[in-house]
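To be precise, the following lines are work-v3.pdb, and they hold PDB, C-alpha atoms, pLDDT in the B column.
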```
ATOM      1  CA  MET A 792       0.000   0.000   0.000  1.00 88.00           C
ATOM      2  CA  ASP A 793       2.875   2.367   0.797  1.00 91.00           C
ATOM      3  CA  VAL A 794       4.326   1.976  -2.698  1.00 95.00           C
ATOM      4  CA  LEU A 795       0.981   2.926  -4.253  1.00 96.00           C
ATOM      5  CA  ILE A 796       0.624   5.937  -1.962  1.00 95.00           C
ATOM      6  CA  HIS A 797       4.144   7.129  -2.833  1.00 96.00           C
ATOM      7  CA  LEU A 798       3.453   6.624  -6.540  1.00 98.00           C
ATOM      8  CA  LEU A 799       0.299   8.736  -6.258  1.00 98.00           C
ATOM      9  CA  VAL A 800       2.182  11.447  -4.343  1.00 97.00           C
ATOM     10  CA  GLY A 801       4.687  11.556  -7.212  1.00 98.00           C
ATOM     11  CA  LEU A 802       1.885  11.854  -9.764  1.00 98.00           C
ATOM     12  CA  HIS A 803       0.256  14.554  -7.639  1.00 98.00           C
ATOM     13  CA  ILE A 804       3.519  16.517  -7.765  1.00 97.00           C
ATOM     14  CA  VAL A 805       3.690  16.031 -11.538  1.00 98.00           C
ATOM     15  CA  GLY A 806       0.168  17.495 -11.762  1.00 98.00           C
ATOM     16  CA  ILE A 807       1.050  20.563  -9.713  1.00 97.00           C
ATOM     17  CA  ALA A 808       4.221  20.994 -11.776  1.00 97.00           C
ATOM     18  CA  ALA A 809       2.173  20.959 -14.998  1.00 98.00           C
ATOM     19  CA  LEU A 810      -0.290  23.502 -13.636  1.00 97.00           C
ATOM     20  CA  LEU A 811       2.331  25.836 -12.187  1.00 97.00           C
ATOM     21  CA  GLY A 812       4.685  25.345 -15.135  1.00 97.00           C
ATOM     22  CA  GLY A 813       1.943  26.290 -17.583  1.00 97.00           C
ATOM     23  CA  PHE A 814       1.257  29.410 -15.566  1.00 97.00           C
ATOM     24  CA  LEU A 815       4.921  30.387 -15.351  1.00 97.00           C
ATOM     25  CA  THR A 816       5.503  29.933 -19.085  1.00 96.00           C
ATOM     26  CA  GLN A 817       2.636  32.332 -19.811  1.00 96.00           C
ATOM     27  CA  MET A 818       3.710  35.086 -17.388  1.00 94.00           C
ATOM     28  CA  LYS A 819       5.460  37.120 -20.073  1.00 94.00           C
ATOM     29  CA  ALA A 820       2.350  36.892 -22.236  1.00 94.00           C
ATOM     30  CA  MET A 821       0.261  37.885 -19.212  1.00 93.00           C
ATOM     31  CA  GLY A 822       2.210  41.138 -19.053  1.00 91.00           C
ATOM     32  CA  ARG A 823       1.241  41.800 -22.679  1.00 93.00           C
ATOM     33  CA  GLY A 824      -2.354  40.744 -22.058  1.00 91.00           C
ATOM     34  CA  THR A 825      -2.146  37.746 -24.398  1.00 95.00           C
ATOM     35  CA  ALA A 826      -1.867  34.908 -21.875  1.00 96.00           C
ATOM     36  CA  ARG A 827      -3.970  31.802 -22.384  1.00 96.00           C
ATOM     37  CA  PHE A 828      -4.585  28.591 -20.487  1.00 97.00           C
ATOM     38  CA  VAL A 829      -2.453  25.924 -22.138  1.00 96.00           C
ATOM     39  CA  PRO A 830      -3.701  22.301 -22.244  1.00 96.00           C
ATOM     40  CA  GLY A 831      -1.038  21.194 -19.768  1.00 96.00           C
ATOM     41  CA  MET A 832      -2.609  23.389 -17.098  1.00 97.00           C
ATOM     42  CA  LEU A 833      -5.957  21.642 -17.462  1.00 97.00           C
ATOM     43  CA  HIS A 834      -4.364  18.189 -17.515  1.00 98.00           C
ATOM     44  CA  GLY A 835      -2.264  19.056 -14.467  1.00 98.00           C
ATOM     45  CA  ALA A 836      -5.301  20.240 -12.510  1.00 97.00           C
ATOM     46  CA  PHE A 837      -7.252  17.078 -13.404  1.00 98.00           C
ATOM     47  CA  THR A 838      -4.244  14.958 -12.415  1.00 98.00           C
ATOM     48  CA  MET A 839      -4.116  16.746  -9.066  1.00 98.00           C
ATOM     49  CA  LEU A 840      -7.818  16.132  -8.504  1.00 98.00           C
ATOM     50  CA  VAL A 841      -7.739  12.428  -9.330  1.00 98.00           C
ATOM     51  CA  THR A 842      -4.548  11.663  -7.431  1.00 98.00           C
ATOM     52  CA  GLY A 843      -5.590  13.814  -4.464  1.00 97.00           C
ATOM     53  CA  VAL A 844      -8.910  12.017  -4.065  1.00 98.00           C
ATOM     54  CA  ALA A 845      -7.148   8.662  -4.411  1.00 98.00           C
ATOM     55  CA  LEU A 846      -4.549   9.673  -1.823  1.00 97.00           C
ATOM     56  CA  VAL A 847      -7.197  10.647   0.713  1.00 97.00           C
ATOM     57  CA  GLY A 848      -9.010   7.356   0.181  1.00 97.00           C
ATOM     58  CA  LEU A 849      -5.878   5.234   0.406  1.00 97.00           C
ATOM     59  CA  ASN A 850      -4.589   7.036   3.495  1.00 95.00           C
ATOM     60  CA  GLU A 851      -7.909   6.600   5.273  1.00 96.00           C
ATOM     61  CA  ALA A 852      -8.044   2.934   4.237  1.00 95.00           C
ATOM     62  CA  ASP A 853      -4.514   2.461   5.582  1.00 93.00           C
ATOM     63  CA  GLY A 854      -5.546   3.875   8.967  1.00 93.00           C
ATOM     64  CA  HIS A 855      -3.685   7.195   8.720  1.00 93.00           C
ATOM     65  CA  HIS A 856      -5.223  10.378  10.096  1.00 93.00           C
ATOM     66  CA  VAL A 857      -6.416  12.739   7.355  1.00 95.00           C
ATOM     67  CA  ASN A 858      -6.930  16.434   8.155  1.00 96.00           C
ATOM     68  CA  THR A 859     -10.314  16.851   6.485  1.00 96.00           C
ATOM     69  CA  VAL A 860     -10.395  20.630   6.928  1.00 97.00           C
ATOM     70  CA  LYS A 861      -7.077  21.019   5.124  1.00 98.00           C
ATOM     71  CA  ILE A 862      -8.172  18.627   2.370  1.00 97.00           C
ATOM     72  CA  GLY A 863     -11.483  20.494   2.035  1.00 98.00           C
ATOM     73  CA  VAL A 864      -9.731  23.852   1.613  1.00 98.00           C
ATOM     74  CA  LYS A 865      -7.321  22.404  -0.940  1.00 98.00           C
ATOM     75  CA  LEU A 866     -10.191  20.751  -2.814  1.00 98.00           C
ATOM     76  CA  ALA A 867     -12.185  24.000  -2.879  1.00 98.00           C
ATOM     77  CA  LEU A 868      -9.199  25.893  -4.306  1.00 98.00           C
ATOM     78  CA  LEU A 869      -8.607  23.189  -6.907  1.00 98.00           C
ATOM     79  CA  ILE A 870     -12.251  23.205  -7.992  1.00 98.00           C
ATOM     80  CA  VAL A 871     -12.084  26.985  -8.522  1.00 98.00           C
ATOM     81  CA  ILE A 872      -8.847  26.555 -10.501  1.00 98.00           C
ATOM     82  CA  LEU A 873     -10.353  23.750 -12.588  1.00 97.00           C
ATOM     83  CA  GLY A 874     -13.498  25.763 -13.258  1.00 97.00           C
ATOM     84  CA  LEU A 875     -11.580  28.825 -14.427  1.00 97.00           C
ATOM     85  CA  VAL A 876      -9.179  26.858 -16.603  1.00 97.00           C
ATOM     86  CA  TYR A 877     -11.865  24.584 -18.066  1.00 97.00           C
ATOM     87  CA  VAL A 878     -14.303  27.368 -18.954  1.00 97.00           C
ATOM     88  CA  GLN A 879     -11.651  29.511 -20.638  1.00 96.00           C
ATOM     89  CA  ARG A 880      -9.448  26.779 -22.107  1.00 95.00           C
ATOM     90  CA  ASP A 881     -10.337  27.623 -25.729  1.00 94.00           C
ATOM     91  CA  GLU A 882     -10.022  31.413 -25.438  1.00 93.00           C
ATOM     92  CA  GLU A 883      -7.261  33.042 -27.477  1.00 93.00           C
ATOM     93  CA  LYS A 884      -6.404  35.280 -24.534  1.00 94.00           C
ATOM     94  CA  VAL A 885      -7.526  35.392 -20.925  1.00 96.00           C
ATOM     95  CA  ASP A 886      -7.997  38.453 -18.751  1.00 95.00           C
ATOM     96  CA  LYS A 887      -4.875  39.215 -16.692  1.00 94.00           C
ATOM     97  CA  ARG A 888      -6.806  39.154 -13.429  1.00 95.00           C
ATOM     98  CA  VAL A 889      -8.293  35.721 -14.076  1.00 96.00           C
ATOM     99  CA  PHE A 890      -4.948  34.333 -15.175  1.00 97.00           C
ATOM    100  CA  GLY A 891      -3.217  35.845 -12.148  1.00 96.00           C
ATOM    101  CA  LEU A 892      -5.920  34.445  -9.868  1.00 97.00           C
ATOM    102  CA  VAL A 893      -5.221  30.927 -11.139  1.00 98.00           C
ATOM    103  CA  GLY A 894      -1.516  31.397 -10.397  1.00 97.00           C
ATOM    104  CA  LEU A 895      -2.257  32.799  -6.950  1.00 98.00           C
ATOM    105  CA  LEU A 896      -4.637  29.959  -6.078  1.00 98.00           C
ATOM    106  CA  THR A 897      -2.107  27.409  -7.339  1.00 98.00           C
ATOM    107  CA  MET A 898       0.602  28.876  -5.132  1.00 97.00           C
ATOM    108  CA  ALA A 899      -1.813  29.020  -2.191  1.00 98.00           C
ATOM    109  CA  ASN A 900      -2.612  25.326  -2.713  1.00 97.00           C
ATOM    110  CA  ILE A 901       1.099  24.481  -2.664  1.00 97.00           C
ATOM    111  CA  PHE A 902       1.758  26.452   0.510  1.00 98.00           C
ATOM    112  CA  ILE A 903      -1.283  24.987   2.249  1.00 97.00           C
ATOM    113  CA  ALA A 904      -0.003  21.503   1.430  1.00 96.00           C
ATOM    114  CA  VAL A 905       3.473  22.240   2.736  1.00 96.00           C
ATOM    115  CA  LEU A 906       2.873  24.534   5.700  1.00 97.00           C
ATOM    116  CA  TRP A 907      -0.456  23.384   7.181  1.00 94.00           C
ATOM    117  CA  THR A 908       0.430  20.582   9.560  1.00 83.00           C
TER     118      THR A 908
END
```
Would you mind writing the structure in this file as structure tokens?
Amino acid sequence: MDVLIHLLVGLHIVGIAALLGGFLTQMKAMGRGTARFVPGMLHGAFTMLVTGVALVGLNEADGHHVNTVKIGVKLALLIVILGLVYVQRDEEKVDKRVFGLVGLLTMANIFIAVLWT
């Protein structure tokens, strides 16, 4: 069970890297007002959702304590991110504020995961 949990943690990190990496590659375009949500951002967010739900289930099944408040906050942030990216995935350019909000929420999700113990 531990191997599967560690594998899912690795995939979860790959998902966050895809989401944050897509944001960071578009920052220059955001300054020009031509940023767009690249497909990797959507795939990364979906990967985070699937692996995160699986991790919670596996950890609870393995008898580990799961901080449900922390997981709920992270899930709420991820759903907002997914909604914004999914709805505007085909737009040629996205408003700077919306694009910046996705980056801010992504960073908040990372810091919640790392700092909230």
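When all atoms listed in the file are used to compute distances to Val905 in chain A, the closest of the residues A:Arg827, A:Val876, A:Lys865, A:Leu802 turns out to be A:Lys865.
For the pair CA of Gly854 in chain A and CA of Leu906 in chain A, the separation is 22.5 Å.
Picked out by the PyMOL selection byres ((chain A and resi 844) around 12) when it runs on this file: Ile796, Leu799, Val800, His803, Phe837, Thr838, Met839, Leu840, Val841, Thr842, Gly843, Ala845, Leu846, Val847, Gly848, Leu849, Asn850, Glu851, Val857, Thr859, Ile862, Gly863, Lys865, Leu866 and Leu869 of chain A.
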### Task
Using the chain letters and numbering of this document, enumerate as a PyMOL selection string the residues selected by the PyMOL selection byres ((chain A and resi 818) around 12).
chain A and resi 811-817+819-828+885+887-888+890-891+893-894
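With distances restricted to only C-alpha atoms, A:Val829 is the closest residue to Glu883 in chain A from A:Ile870, A:Ile903, A:Val829, A:Ile804.
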### Task
Determine the nearest neighbour of Ala904 in chain A from the options A:Lys861, A:His797, A:His855, A:His834, counting only C-alpha atoms.
A:Lys861
